[in-house]
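Printed here is my_file12.txt (compact mmCIF, C-alpha atoms and all ligand atoms):
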# COMPACT_ATOMS: atom_id res chain seq x y z
CA MET A 1 11.94 35.16 9.88
CA THR A 2 11.27 37.24 6.80
CA ALA A 3 9.44 35.88 3.79
CA LEU A 4 11.26 36.33 0.50
CA SER A 5 9.23 37.63 -2.39
CA ASP A 6 11.32 36.09 -5.19
CA ASP A 7 13.61 33.36 -3.91
CA SER A 8 14.69 32.40 -7.43
CA LEU A 9 16.89 35.50 -7.18
CA THR A 10 18.62 34.17 -4.04
CA PRO A 11 20.68 31.18 -5.19
CA ASP A 12 22.89 31.28 -2.10
CA LEU A 13 20.42 30.45 0.63
CA THR A 14 22.58 29.21 3.47
CA PRO A 15 22.05 25.74 4.92
CA SER A 16 21.27 27.28 8.31
CA ARG A 17 18.58 29.53 6.81
CA LEU A 18 17.06 26.49 5.07
CA LEU A 19 17.20 24.55 8.34
CA GLU A 20 15.29 27.31 10.15
CA VAL A 21 12.46 26.93 7.66
CA ALA A 22 12.60 23.10 7.70
CA VAL A 23 12.24 23.23 11.49
CA ALA A 24 9.34 25.68 11.24
CA ALA A 25 7.52 23.41 8.77
CA ALA A 26 8.14 20.22 10.79
CA ARG A 27 6.98 21.96 13.96
CA THR A 28 3.80 23.27 12.30
CA ALA A 29 2.90 19.83 10.94
CA GLY A 30 3.76 18.08 14.20
CA THR A 31 1.87 20.53 16.34
CA HIS A 32 -1.17 20.18 14.09
CA ALA A 33 -1.06 16.39 14.47
CA LEU A 34 -0.53 16.48 18.24
CA THR A 35 -3.27 19.01 18.93
CA ASN A 36 -5.65 16.88 16.85
CA LEU A 37 -4.75 13.59 18.52
CA ASP A 38 -8.43 13.05 19.34
CA ARG A 39 -9.02 12.71 15.57
CA ARG A 40 -6.36 9.99 15.19
CA THR A 41 -8.89 7.37 14.07
CA ASP A 42 -10.42 9.63 11.40
CA ILE A 43 -9.55 7.40 8.43
CA ALA A 44 -9.19 8.63 4.84
CA GLN A 45 -8.33 5.20 3.44
CA GLY A 46 -7.91 1.82 5.12
CA PHE A 47 -5.66 -1.07 4.04
CA ALA A 48 -5.12 -4.56 5.43
CA HIS A 49 -1.89 -3.57 7.19
CA ASP A 50 -1.74 0.22 6.88
CA VAL A 51 -3.91 3.31 7.15
CA LYS A 52 -4.15 6.81 5.69
CA LEU A 53 -5.65 9.39 8.02
CA LYS A 54 -7.31 12.68 7.14
CA LEU A 55 -4.59 14.22 9.32
CA ASP A 56 -1.82 12.91 7.00
CA LEU A 57 -2.92 15.24 4.20
CA GLU A 58 -3.85 18.08 6.59
CA CYS A 59 -0.38 18.02 8.17
CA GLN A 60 1.27 18.03 4.75
CA THR A 61 -0.84 21.04 3.77
CA VAL A 62 0.17 23.04 6.86
CA ALA A 63 3.85 22.16 6.32
CA GLU A 64 3.58 23.26 2.66
CA GLN A 65 1.94 26.54 3.68
CA THR A 66 4.85 27.27 6.02
CA LEU A 67 7.43 26.46 3.34
CA LEU A 68 5.71 28.44 0.61
CA SER A 69 5.24 31.47 2.88
CA HIS A 70 9.05 31.67 2.93
CA PHE A 71 9.97 30.36 -0.53
CA PRO A 72 6.99 30.60 -2.88
CA SER A 73 8.78 29.31 -5.98
CA HIS A 74 10.43 26.23 -4.43
CA ALA A 75 9.30 22.74 -5.45
CA ILE A 76 7.70 20.31 -3.00
CA LEU A 77 7.53 16.52 -2.95
CA GLY A 78 5.07 15.39 -0.29
CA GLU A 79 4.18 11.78 0.49
CA GLU A 80 0.46 12.41 0.39
CA THR A 81 0.49 13.87 -3.13
CA ALA A 82 3.46 12.00 -4.55
CA ASP A 83 1.34 10.26 -7.20
CA ASP A 84 0.35 13.62 -8.70
CA ALA A 85 2.58 15.33 -11.24
CA THR A 86 5.60 15.78 -9.00
CA PRO A 87 7.54 17.78 -8.05
CA THR A 88 5.08 20.67 -7.90
CA ARG A 89 7.15 23.13 -9.92
CA SER A 90 10.56 23.47 -11.43
CA SER A 91 13.11 24.91 -9.01
CA PRO A 92 16.68 24.06 -7.96
CA TYR A 93 15.26 23.70 -4.44
CA LEU A 94 13.15 20.63 -3.62
CA TRP A 95 11.47 20.25 -0.24
CA ILE A 96 10.61 16.68 0.77
CA ILE A 97 7.88 16.14 3.37
CA ASP A 98 6.63 13.16 5.30
CA PRO A 99 3.86 14.84 7.31
CA ILE A 100 3.35 11.92 9.70
CA ASP A 101 5.92 9.12 9.63
CA GLY A 102 4.56 6.28 11.73
CA THR A 103 0.90 6.89 10.95
CA VAL A 104 -0.15 3.48 12.31
CA ASN A 105 1.57 4.26 15.63
CA PHE A 106 -0.08 7.68 15.71
CA SER A 107 -3.51 6.19 14.97
CA HIS A 108 -3.14 3.87 17.99
CA GLY A 109 -1.87 6.59 20.31
CA LEU A 110 1.70 5.26 20.41
CA PRO A 111 4.11 8.22 20.73
CA HIS A 112 6.76 6.90 18.26
CA TRP A 113 5.88 9.04 15.21
CA CYS A 114 7.32 12.18 13.69
CA CYS A 115 7.20 14.79 10.94
CA SER A 116 10.11 14.89 8.52
CA VAL A 117 11.13 17.83 6.32
CA ALA A 118 14.25 17.96 4.14
CA VAL A 119 15.42 20.33 1.44
CA ARG A 120 17.71 19.54 -1.47
CA HIS A 121 19.49 22.03 -3.71
CA ARG A 122 20.25 20.54 -7.12
CA GLY A 123 19.96 17.08 -5.58
CA ILE A 124 22.19 17.73 -2.55
CA THR A 125 20.49 17.63 0.85
CA MET A 126 21.08 20.99 2.54
CA ALA A 127 18.99 20.64 5.71
CA GLY A 128 16.73 18.20 7.51
CA ALA A 129 14.42 18.31 10.51
CA VAL A 130 12.67 15.37 12.18
CA TYR A 131 10.20 16.39 14.88
CA ALA A 132 8.60 13.89 17.25
CA PRO A 133 6.07 16.03 19.16
CA ALA A 134 4.77 13.32 21.49
CA LEU A 135 8.36 12.59 22.59
CA ALA A 136 9.37 16.30 22.61
CA GLU A 137 12.36 15.49 20.35
CA LEU A 138 13.58 17.68 17.51
CA TYR A 139 16.43 16.28 15.40
CA THR A 140 18.22 18.66 13.06
CA ALA A 141 21.16 18.98 10.70
CA ALA A 142 22.31 21.41 8.04
CA ALA A 143 24.97 20.62 5.45
CA GLY A 144 28.40 21.06 6.97
CA GLY A 145 27.01 21.47 10.50
CA PRO A 146 26.45 19.25 13.53
CA ALA A 147 23.56 16.86 13.98
CA GLU A 148 21.56 17.72 17.09
CA CYS A 149 18.62 16.58 19.18
CA ASN A 150 17.01 19.44 21.08
CA GLY A 151 20.24 21.40 20.67
CA GLN A 152 22.49 18.57 22.00
CA ARG A 153 25.12 17.27 19.61
CA LEU A 154 24.57 13.72 18.33
CA ARG A 155 27.19 11.01 17.87
CA THR A 156 26.65 7.51 16.54
CA SER A 157 27.61 4.51 18.67
CA SER A 158 30.98 2.79 18.56
CA VAL A 159 29.52 -0.74 18.51
CA PRO A 160 31.95 -2.57 16.20
CA ARG A 161 30.23 -5.84 15.32
CA LEU A 162 26.82 -7.06 14.24
CA ASP A 163 26.56 -9.64 17.02
CA GLN A 164 26.72 -6.74 19.52
CA ALA A 165 24.37 -4.46 17.61
CA LEU A 166 20.79 -3.31 18.01
CA VAL A 167 19.35 -3.11 14.50
CA MET A 168 16.02 -1.54 13.64
CA THR A 169 13.99 -2.66 10.66
CA GLY A 170 10.44 -2.74 9.29
CA LEU A 171 8.05 -5.17 7.68
CA ASP A 172 6.63 -3.12 4.87
CA GLN A 173 3.90 -4.57 2.68
CA LYS A 174 5.11 -2.89 -0.49
CA VAL A 175 8.45 -4.69 -0.76
CA ASN A 176 9.32 -6.59 -3.88
CA PRO A 177 7.16 -9.75 -3.75
CA ARG A 178 10.24 -11.77 -4.73
CA MET A 179 11.68 -10.97 -1.33
CA LYS A 180 10.66 -13.16 1.54
CA ARG A 181 10.45 -10.44 4.15
CA PHE A 182 10.25 -12.71 7.20
CA ALA A 183 13.23 -14.73 5.97
CA LEU A 184 15.28 -11.53 5.79
CA PHE A 185 13.94 -10.40 9.16
CA ARG A 186 14.96 -13.73 10.64
CA ALA A 187 18.42 -13.55 9.10
CA ILE A 188 18.93 -10.15 10.73
CA ALA A 189 17.39 -11.23 14.05
CA ASP A 190 19.50 -14.40 14.19
CA THR A 191 22.71 -12.43 13.65
CA VAL A 192 22.42 -9.21 15.66
CA GLN A 193 22.19 -8.86 19.43
CA LYS A 194 18.61 -7.58 19.16
CA THR A 195 16.30 -6.32 16.43
CA ARG A 196 13.46 -3.83 16.83
CA VAL A 197 10.49 -2.81 14.69
CA MET A 198 9.43 0.60 15.98
CA GLY A 199 7.29 1.75 13.03
CA ALA A 200 8.62 5.20 12.10
CA ALA A 201 11.60 5.04 9.76
CA ALA A 202 12.78 8.66 10.09
CA LEU A 203 12.81 8.39 13.87
CA ASP A 204 14.51 4.98 13.73
CA ILE A 205 17.37 6.46 11.67
CA CYS A 206 17.61 9.36 14.13
CA ARG A 207 18.00 6.75 16.91
CA VAL A 208 21.03 5.44 15.02
CA ALA A 209 22.34 9.03 14.80
CA LYS A 210 21.84 9.34 18.56
CA GLY A 211 23.73 6.12 19.30
CA GLN A 212 20.67 4.40 20.79
CA ALA A 213 20.60 1.93 17.89
CA ASP A 214 23.47 0.80 15.68
CA GLY A 215 21.79 0.08 12.37
CA TYR A 216 18.59 0.29 10.38
CA PHE A 217 17.45 -1.45 7.20
CA GLU A 218 14.21 -1.46 5.24
CA ALA A 219 13.41 -2.87 1.84
CA GLY A 220 10.20 -0.95 1.09
CA ILE A 221 10.91 2.57 2.20
CA TYR A 222 10.47 5.90 0.39
CA THR A 223 12.48 9.06 -0.24
CA TRP A 224 10.34 11.12 2.16
CA ASP A 225 10.91 8.62 4.99
CA VAL A 226 14.70 8.99 4.88
CA ALA A 227 15.62 12.34 3.25
CA ALA A 228 16.00 14.38 6.46
CA ALA A 229 17.17 11.56 8.73
CA ALA A 230 19.98 10.49 6.36
CA LEU A 231 21.63 13.92 6.65
CA ILE A 232 21.17 13.88 10.44
CA LEU A 233 22.78 10.44 10.60
CA GLU A 234 25.71 11.36 8.35
CA ASN A 235 26.41 14.56 10.30
CA ALA A 236 26.41 12.49 13.49
CA GLY A 237 29.20 10.32 12.05
CA GLY A 238 27.06 7.52 10.60
CA ARG A 239 26.70 6.14 7.11
CA SER A 240 23.68 5.64 4.87
CA GLU A 241 23.34 3.90 1.54
CA ILE A 242 20.63 3.30 -1.03
CA LEU A 243 21.05 -0.38 -1.89
CA ALA A 244 18.43 -0.26 -4.66
CA ASN A 245 15.83 2.11 -6.08
CA PRO A 246 13.20 -0.19 -7.65
CA SER A 247 10.65 2.53 -8.51
CA PRO A 248 10.79 6.36 -8.58
CA HIS A 249 10.79 7.07 -4.84
CA GLN A 250 11.05 3.54 -3.44
CA LEU A 251 14.30 2.48 -1.78
CA LEU A 252 16.12 -0.39 -0.16
CA PHE A 253 17.84 1.71 2.48
CA LEU A 254 20.63 0.95 4.93
CA ALA A 255 21.75 3.28 7.74
CA THR A 256 24.42 2.43 10.31
CA ASN A 257 26.95 3.76 12.79
CA GLY A 258 29.56 3.10 10.08
CA HIS A 259 31.35 0.31 11.98
CA ILE A 260 28.79 -2.41 11.22
CA HIS A 261 27.93 -1.11 7.75
CA GLU A 262 29.77 -3.61 5.57
CA GLU A 263 28.83 -6.56 7.78
CA LEU A 264 25.12 -5.69 7.72
CA LYS A 265 25.21 -4.86 4.01
CA SER A 266 26.77 -8.19 3.18
CA LEU A 267 24.20 -10.07 5.30
CA ILE A 268 21.37 -8.29 3.46
CA SER A 269 22.93 -8.54 0.01
CA GLY A 270 23.71 -12.23 0.44
CA HIS A 271 20.19 -12.85 1.54
CA LEU A 272 18.63 -10.90 -1.34
CA ALA A 273 20.89 -12.64 -3.82
CA ALA A 274 19.73 -15.98 -2.43
CA GLU A 275 16.03 -15.16 -2.95
C1 LIG B 1 6.06 4.01 7.38
C2 LIG B 1 6.93 3.92 8.61
C3 LIG B 1 7.28 2.50 8.92
C4 LIG B 1 7.91 1.79 7.75
C5 LIG B 1 7.06 1.93 6.50
C6 LIG B 1 6.75 3.38 6.22
P1 LIG B 1 4.34 6.04 7.13
O1 LIG B 1 5.82 5.36 7.04
O2 LIG B 1 8.12 4.66 8.42
O3 LIG B 1 8.22 2.42 9.96
O4 LIG B 1 8.06 0.43 8.07
O5 LIG B 1 7.82 1.39 5.44
O6 LIG B 1 5.92 3.46 5.08
O7 LIG B 1 3.49 5.31 6.14
O8 LIG B 1 3.86 5.87 8.51
O9 LIG B 1 4.64 7.42 6.72
CA CA B 2 3.71 9.31 6.24

Could you take the file, read its structure, and then write that structure out as structure tokens?
Amino acid sequence: MTALSDDSLTPDLTPSRLLEVAVAAARTAGTHALTNLDRRTDIAQGFAHDVKLKLDLECQTVAEQTLLSHFPSHAILGEETADDATPTRSSPYLWIIDPIDGTVNFSHGLPHWCCSVAVRHRGITMAGAVYAPALAELYTAAAGGPAECNGQRLRTSSVPRLDQALVMTGLDQKVNPRMKRFALFRAIADTVQKTRVMGAAALDICRVAKGQADGYFEAGIYTWDVAAAALILENAGGRSEILANPSPHQLLFLATNGHIHEELKSLISGHLAAE
């Protein structure tokens, strides 16, 4: 791949060109994390129910270096620096990075974690890559193209009803305190065939794209967790929806195979309304 010296002069970057670079950045970050697995307990900041590792920021930095080596003037929104003045610079192109999604899993040596890189042009997602190095899975999609895992085309499931569905969710600490998260969890668990909390949102949504799960919902998720996976899901035939956006990057986010979308949305909405 050739680096461009002044990408502001190339407004027509194709989605497939952007995907190439998204994949390169996700692979660089993921490879850095995997090759440094022995440093997985090197903590930058600890919380009661979460952790920030030194590798979170390191992986973001290597992903950024890859992106900027190709497109030096593009803007970047990265989870680890999202509290700084963001995005980094003004550009019609915004790259969105979650360097390690599923950090708690990673820190315990569980393989369900990934690196997520998406790029938006004037707010429209053009390409997304989700790379799970410990599972050897690379999920990709470019606008107008197929969703793939390791080059194999993805299709969402045809499960038609919630009582037959496997629905993934999470129990994030940062959800609106008005919401009783276990009550909502229970409402979902009591209704669906089975619920799962796997701990890496981007990968969970890719499982819906792959047809291994039928739905996903979280109330305390962030733009960088879902930006790439939402495009992958939609290009696999699924549906995603931001149900609320309580603070700049925070989302209540629903992703489904399409068939169970309204049923799951109404369960969640009814429950939230009742809180
Ligand atoms: C977390 C994971 C987890 C979800 C949390 C996220 P992180 O991302 O995606 O599954 O429940 O809401 O914050 O912190 O590991 O990047
Ligand atoms: Ca992360």

Quick one: residues within 8 Å of stretch 254-267 of chain A, only C-alpha atoms, excluding same-chain residues fewer than 5 positions away - as number ranges by chain?
A: 156-162, 187-188, 205, 208-209, 211, 214-218, 230, 233, 237-243

Hey, which of A:Thr103, A:Asn150, A:Gln164, A:Thr125 ends up closest to ligand CA 2 (chain B)? Count all atoms listed in the file.
A:Thr103

Nearest to A:Leu203 among A:Leu37, A:Cys114, A:Leu138, A:Leu55, with distances taken over all atoms listed in the file: which residue is it?
A:Cys114

Computed gap from atom CA of A:Tyr139 to atom CA of A:Gly151 is 8.3 Å

Show me which residues are within 9 Å of ligand CA 2 (chain B) counting all atoms listed in the file, and format the list as a count of residues only.
17

Which polymer residues, protein or nucleic acid, are no farther than 7 Å from (12.6, -8.5, 10.8), counting only C-alpha atoms, as a list in words?
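Residues lying no farther than 7 Å from the given point: Thr169, Gly170, Leu171, Phe182, Leu184, Phe185, Arg186, Ile188 and Ala189 of chain A.
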
Starting from 4 Å padding per side, set up an axis-aligned box that covers all listed atoms of ligand LIG 1 (chain B) and hand over centre and edge lengths in Å, one decimal, as JSON.
{"center_x": 5.9, "center_y": 3.9, "center_z": 7.5, "size_x": 12.7, "size_y": 15.0, "size_z": 12.9}

In Å and to one decimal, atom CA of A:Asp204 is distant from atom CA of A:Leu251 by 15.7 Å
